[in-house]
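**Student:** Dropping a structure here in structure tokens format, bear with me for questions.
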Amino acid sequence: MKIKMEGNIKLINDDGLRLDGRAFNEMRPIKIQTGVIEKADGSAFIEWGANKIIVAVYVREAYPKHTQNMDRAIVKARYNMAGFSVEERKRPGPDRRTMEISKVVSEALSSAIILEKLPRVEIDVFIEVLEADAGTRIASLTASSVAVADAGVPMRDLVVGCTAGKADGRVVLDLSKDEDNYGQADIPMAILPRTGKVVLLQIDGDVSEEEFDQATSMMMNAMKDISKIQRDALMSKYSIEDGE
Ligand code: CDP
């Protein structure tokens, strides 16, 4: 549940602009780069606003053998925050939040990967958050999807995600850290854009049905642009390699 922070902070000014100057339906800038870890089968680096996250993917026969699934691949995403990624030093090791994020990211990726094409295989997705500034689960998932594709894993589609929420009682896109802390709701969502299938949806806080519809339609629009950034990142890597 969202816990209201102490104090009264105005998140939207009289001109309708947010603390970082964005309009209510404006995203933070996003950059994605692939092939950033030589040794990995696939990798990606995402900068989403001030979030910086690196993902490395390894595709191998599951070991020990008894963990193998004879019919399909297993996806194991592990989300980790570097000690220096947040204002107060993050204690090393998994906590409830990191376990939850690892689980929802693994499940969302599993919906996109054609698992039955890779029996007995384990797809390890290592997510390292270097700098966190709200929205890291969605930024991680968006980058992981690109890293898995970069590893040559057969996929139905590239998972794309976005966050919306409520700040000063108003629905806004892509929450900043202050909006996440002092706002009234946080809604991360991810889809397979080709079919529109929802593969991650969490609601933390209070939203009416109307606000939820407003938030999802804003996110659906934004996800079209984010999908394009994902595809461009993959295309630019492979067009450089082809040109060599
Ligand atoms: O990152 P995301 O929005 O997906 O998840 P959250 O649990 O809603 O966390 C929101 C933000 O709180 C993170 O992005 C971090 O910036 C911050 N955070 C933190 O400062 N210290 C932690 N131990 C965990 C999160």
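Just remember, in the structure tokens the first chain shown is A, the second B, etc., residues are 1-based per chain, and ligands are 1-based in the order shown.
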Extract, using only C-alpha atoms, all DNA, RNA and protein residues at most 12 Å from Val172 (chain A), discarding same-chain residues fewer than 5 positions from it, and format them as a ChimeraX atom specification.
**Tutor:** /A:11-12,16-18,22-28,162-167,179-180,183-187,211-212,214-219,222
**Student:** Could you write out the selected residues, including C-alpha atoms, as a compact mmCIF listing (two decimals), in the first residue's frame?
**Tutor:**
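Resulting contents of result-v9.txt:
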# COMPACT_ATOMS: atom_id res chain seq x y z
CA LEU A 11 3.66 18.46 -7.36
CA ILE A 12 1.85 20.42 -10.10
CA GLY A 16 -0.18 22.63 -14.94
CA LEU A 17 3.51 21.72 -15.06
CA ARG A 18 5.19 19.16 -12.86
CA ARG A 22 6.98 18.12 -17.72
CA ALA A 23 3.36 18.25 -18.89
CA PHE A 24 0.98 15.69 -17.31
CA ASN A 25 1.32 13.34 -20.31
CA GLU A 26 5.04 13.79 -20.97
CA MET A 27 7.63 11.04 -20.56
CA ARG A 28 11.17 11.43 -19.32
CA CYS A 162 5.31 2.36 -18.82
CA THR A 163 4.10 3.86 -15.54
CA ALA A 164 1.33 6.28 -14.74
CA GLY A 165 -0.03 7.46 -11.45
CA LYS A 166 -1.65 10.27 -9.53
CA ALA A 167 0.03 13.44 -8.34
CA GLU A 179 5.53 11.96 -7.52
CA ASP A 180 6.14 8.36 -6.51
CA GLY A 183 1.57 11.14 -5.02
CA GLN A 184 -1.56 9.07 -4.44
CA ALA A 185 -1.06 6.18 -6.85
CA ASP A 186 1.51 4.32 -8.92
CA ILE A 187 0.47 2.04 -11.81
CA GLU A 211 -8.69 7.57 -13.56
CA PHE A 212 -7.53 4.05 -14.35
CA GLN A 214 -7.21 7.70 -18.33
CA ALA A 215 -3.90 6.27 -17.05
CA THR A 216 -4.01 3.22 -19.33
CA SER A 217 -4.83 5.24 -22.44
CA MET A 218 -1.90 7.60 -21.69
CA MET A 219 0.38 4.61 -21.17
CA ALA A 222 3.54 6.33 -24.69
**Student:** Among region 1-243 of chain A, which ones does DSSP place in strand (DSSP E or B), written as a ChimeraX atom specification?
**Tutor:** /A:12,18,30-34,42-48,51-61,74-81,113,121-131,155,160-167,170-173,185-192,197-201,204-205
**Student:** Given a cut-off of 7 Å, what residues near ligand 1 show up using only C-alpha atoms and all ligand atoms, put as a list of chain:residue names?
**Tutor:** A:Val86, A:Glu87, A:Glu88, A:Lys90, A:Arg97, A:Ala132, A:Asp133, A:Ala134, A:Gly135, A:Thr136, A:Arg137, A:Ile138, A:Lys177, A:Asp180
**Student:** For those residues, write N, CA and C atoms to a file as a PDB file, in the first residue's frame.
**Tutor:**
ATOM      1  N   VAL A  86      20.721   4.342  -4.807  1.00  0.00           N
ATOM      2  CA  VAL A  86      19.668   5.134  -4.170  1.00  0.00           C
ATOM      3  C   VAL A  86      20.290   6.081  -3.146  1.00  0.00           C
ATOM      4  N   GLU A  87      19.496   7.030  -2.666  1.00  0.00           N
ATOM      5  CA  GLU A  87      20.046   8.040  -1.775  1.00  0.00           C
ATOM      6  C   GLU A  87      20.639   7.439  -0.499  1.00  0.00           C
ATOM      7  N   GLU A  88      19.827   6.599   0.163  1.00  0.00           N
ATOM      8  CA  GLU A  88      20.357   5.916   1.347  1.00  0.00           C
ATOM      9  C   GLU A  88      20.932   4.608   0.884  1.00  0.00           C
ATOM     10  N   LYS A  90      21.747   1.197  -0.281  1.00  0.00           N
ATOM     11  CA  LYS A  90      20.897   0.001  -0.298  1.00  0.00           C
ATOM     12  C   LYS A  90      21.676  -1.152   0.318  1.00  0.00           C
ATOM     13  N   ARG A  97      11.063  -6.509  -1.796  1.00  0.00           N
ATOM     14  CA  ARG A  97      10.801  -5.725  -3.004  1.00  0.00           C
ATOM     15  C   ARG A  97      11.581  -6.279  -4.204  1.00  0.00           C
ATOM     16  N   ALA A 132      18.795   4.703  -9.435  1.00  0.00           N
ATOM     17  CA  ALA A 132      17.342   4.510  -9.389  1.00  0.00           C
ATOM     18  C   ALA A 132      16.651   5.845  -9.152  1.00  0.00           C
ATOM     19  N   ASP A 133      15.564   6.080  -9.904  1.00  0.00           N
ATOM     20  CA  ASP A 133      14.854   7.347  -9.752  1.00  0.00           C
ATOM     21  C   ASP A 133      13.366   7.173 -10.086  1.00  0.00           C
ATOM     22  N   ALA A 134      12.765   6.099  -9.560  1.00  0.00           N
ATOM     23  CA  ALA A 134      11.343   5.765  -9.779  1.00  0.00           C
ATOM     24  C   ALA A 134      11.106   5.138 -11.150  1.00  0.00           C
ATOM     25  N   GLY A 135      10.333   4.066 -11.128  1.00  0.00           N
ATOM     26  CA  GLY A 135       9.996   3.376 -12.379  1.00  0.00           C
ATOM     27  C   GLY A 135      11.039   2.347 -12.799  1.00  0.00           C
ATOM     28  N   THR A 136      11.817   1.839 -11.844  1.00  0.00           N
ATOM     29  CA  THR A 136      12.910   0.930 -12.247  1.00  0.00           C
ATOM     30  C   THR A 136      12.404  -0.432 -12.696  1.00  0.00           C
ATOM     31  N   ARG A 137      11.250  -0.899 -12.165  1.00  0.00           N
ATOM     32  CA  ARG A 137      10.803  -2.245 -12.587  1.00  0.00           C
ATOM     33  C   ARG A 137      10.433  -2.236 -14.065  1.00  0.00           C
ATOM     34  N   ILE A 138       9.796  -1.142 -14.490  1.00  0.00           N
ATOM     35  CA  ILE A 138       9.365  -1.049 -15.880  1.00  0.00           C
ATOM     36  C   ILE A 138      10.565  -0.775 -16.798  1.00  0.00           C
ATOM     37  N   LYS A 177      10.459  10.644  -9.041  1.00  0.00           N
ATOM     38  CA  LYS A 177      10.679  10.141  -7.678  1.00  0.00           C
ATOM     39  C   LYS A 177       9.772  10.886  -6.677  1.00  0.00           C
ATOM     40  N   ASP A 180       6.266   9.712  -7.066  1.00  0.00           N
ATOM     41  CA  ASP A 180       6.136   8.361  -6.510  1.00  0.00           C
ATOM     42  C   ASP A 180       6.046   8.440  -4.979  1.00  0.00           C
TER      43      ASP A 180
END
**Student:** For region 148-152 of chain A, list every protein, DNA or RNA residue within 10 Å, evaluated using only C-alpha atoms, and leave out those in the same chain fewer than 3 positions away; present the list as an MDAnalysis selection string.
**Tutor:** chainID A and resid 34:35 40:44 55:59 109 112:113 123:125 143:145 155 157:158 231 233:234 237:238
**Student:** Considering only C-alpha atoms, can you say which of A:Asn8, A:Glu122, A:Ser111, A:Ile46 comes closest to Arg60 (chain A)?
**Tutor:**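 Looking at the shortest contact to Arg60 (chain A), the residue is A:Glu122.
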**Student:** In Å to one decimal, how far is CA of Phe45 (chain A) from CA of Met99 (chain A)?
**Tutor:**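 Distance reported for this atom pair: 21.3 Å.
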**Student:** Please identify all polymer residues within 12 Å of Lys228 (chain A), counting only C-alpha atoms, omitting same-chain residues fewer than 4 positions from it, and present them as a short mmCIF file (atom, residue, chain, number, x, y, z; two decimals) with C-alpha atoms, in the first residue's frame.
**Tutor:**
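The resulting file, out.cif, is shown below:
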data_model
loop_
_atom_site.label_atom_id
_atom_site.label_comp_id
_atom_site.auth_asym_id
_atom_site.auth_seq_id
_atom_site.Cartn_x
_atom_site.Cartn_y
_atom_site.Cartn_z
CA ILE A 30 14.69 7.24 -22.81
CA LYS A 31 17.85 5.86 -24.41
CA ILE A 32 18.60 2.18 -25.01
CA THR A 142 11.78 -2.80 -21.11
CA VAL A 146 15.73 -5.90 -25.70
CA LEU A 158 9.17 -7.18 -27.38
CA VAL A 159 7.60 -6.49 -23.98
CA VAL A 160 7.19 -2.76 -23.45
CA PRO A 193 2.24 -4.48 -28.33
CA ASN A 221 0.14 5.98 -26.34
CA ALA A 222 3.54 6.33 -24.69
CA MET A 223 4.31 2.63 -25.18
CA LYS A 224 4.13 3.11 -28.97
CA ASP A 232 15.79 1.21 -33.07
CA ALA A 233 18.30 0.03 -30.43
CA LEU A 234 18.29 -3.49 -31.90
CA MET A 235 18.34 -2.23 -35.48
CA SER A 236 21.25 0.11 -34.91
#
**Student:** If you run DSSP on this backbone, which residues of region 90-132 of chain A come out as alpha helix (DSSP H), and could you give them as a list in words?
**Tutor:** Arg96, Arg97, Thr98, Met99, Glu100, Ile101, Ser102, Lys103, Val104, Val105, Ser106, Glu107, Ala108, Leu109, Ser110, Ser111 and Ala112 of chain A
**Student:** May I ask which of the residues A:Ile37, A:Val121, A:Trp48, A:Thr195 is the closest one to Glu61 (chain A), counting only C-alpha atoms?
**Tutor:**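 Looking only at the distances to Glu61 (chain A), the closest residue turns out to be A:Val121.
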**Student:** I'd like the contact shell of Ser106 (chain A) - 7 Å cut-off, only C-alpha atoms, skipping same-chain residues fewer than 4 positions apart - returned as a count of residues only.
**Tutor:** 5
**Student:** Nearest to Ile54 (chain A): which of A:Arg78, A:Arg72, A:Arg96, A:Arg89 is it, counting only C-alpha atoms?
**Tutor:**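 So, comparing all the options, the nearest one is A:Arg78.
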**Student:** From the list A:Val171, A:Ala82, A:Leu141, A:Ile101, which residue is nearest Glu209 (chain A) when using only C-alpha atoms?
**Tutor:** A:Val171
**Student:** If we count only C-alpha atoms and set the cut-off at 8 Å, which residues sit around Lys117 (chain A), ignoring sequence neighbours fewer than 2 positions away in its own chain? Please answer as a PyMOL selection string.
**Tutor:** chain A and resi 72-73+114-115+119+154
**Student:** Save out the residues we just selected, N, CA and C atoms, as an mmCIF file, in the first residue's frame.
**Tutor:**
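As written to disk, result.cif reads:
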data_model
loop_
_atom_site.group_PDB
_atom_site.id
_atom_site.type_symbol
_atom_site.label_atom_id
_atom_site.label_comp_id
_atom_site.auth_asym_id
_atom_site.auth_seq_id
_atom_site.Cartn_x
_atom_site.Cartn_y
_atom_site.Cartn_z
ATOM 1 N N ARG A 72 10.148 -27.014 -22.154
ATOM 2 C CA ARG A 72 10.234 -25.562 -22.365
ATOM 3 C C ARG A 72 11.394 -24.949 -21.587
ATOM 4 N N ALA A 73 11.728 -23.729 -21.973
ATOM 5 C CA ALA A 73 12.789 -23.005 -21.262
ATOM 6 C C ALA A 73 12.251 -22.422 -19.957
ATOM 7 N N ILE A 114 9.138 -17.563 -26.736
ATOM 8 C CA ILE A 114 8.522 -18.818 -27.204
ATOM 9 C C ILE A 114 9.279 -19.944 -26.497
ATOM 10 N N LEU A 115 8.848 -20.219 -25.275
ATOM 11 C CA LEU A 115 9.595 -21.101 -24.361
ATOM 12 C C LEU A 115 9.748 -22.516 -24.922
ATOM 13 N N PRO A 119 13.633 -26.244 -25.146
ATOM 14 C CA PRO A 119 13.482 -27.161 -24.008
ATOM 15 C C PRO A 119 14.802 -27.323 -23.260
ATOM 16 N N PRO A 154 14.082 -16.786 -29.368
ATOM 17 C CA PRO A 154 12.836 -16.589 -30.126
ATOM 18 C C PRO A 154 11.731 -15.948 -29.277
#
**Student:** Calculate how many Å separate CA of Leu173 (chain A) from CA of Val207 (chain A), rounding to one decimal.
**Tutor:**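 Going from CA of Leu173 (chain A) over to CA of Val207 (chain A) covers 14.0 Å.
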**Student:** Pick the closest to Tyr63 (chain A) from A:Val129, A:Arg120, A:Ser85, A:Pro188: which is it, counting only C-alpha atoms?
**Tutor:**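 Distance minimum relative to Tyr63 (chain A) lands on A:Arg120.
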**Student:** Rank A:Val104, A:Phe126, A:Asn51, A:Glu116 by their smallest atom-to-atom distance to Asn80 (chain A), using only C-alpha atoms, and report the top residue only.
**Tutor:**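 That would be A:Phe126, the residue with the smallest distance to Asn80 (chain A).
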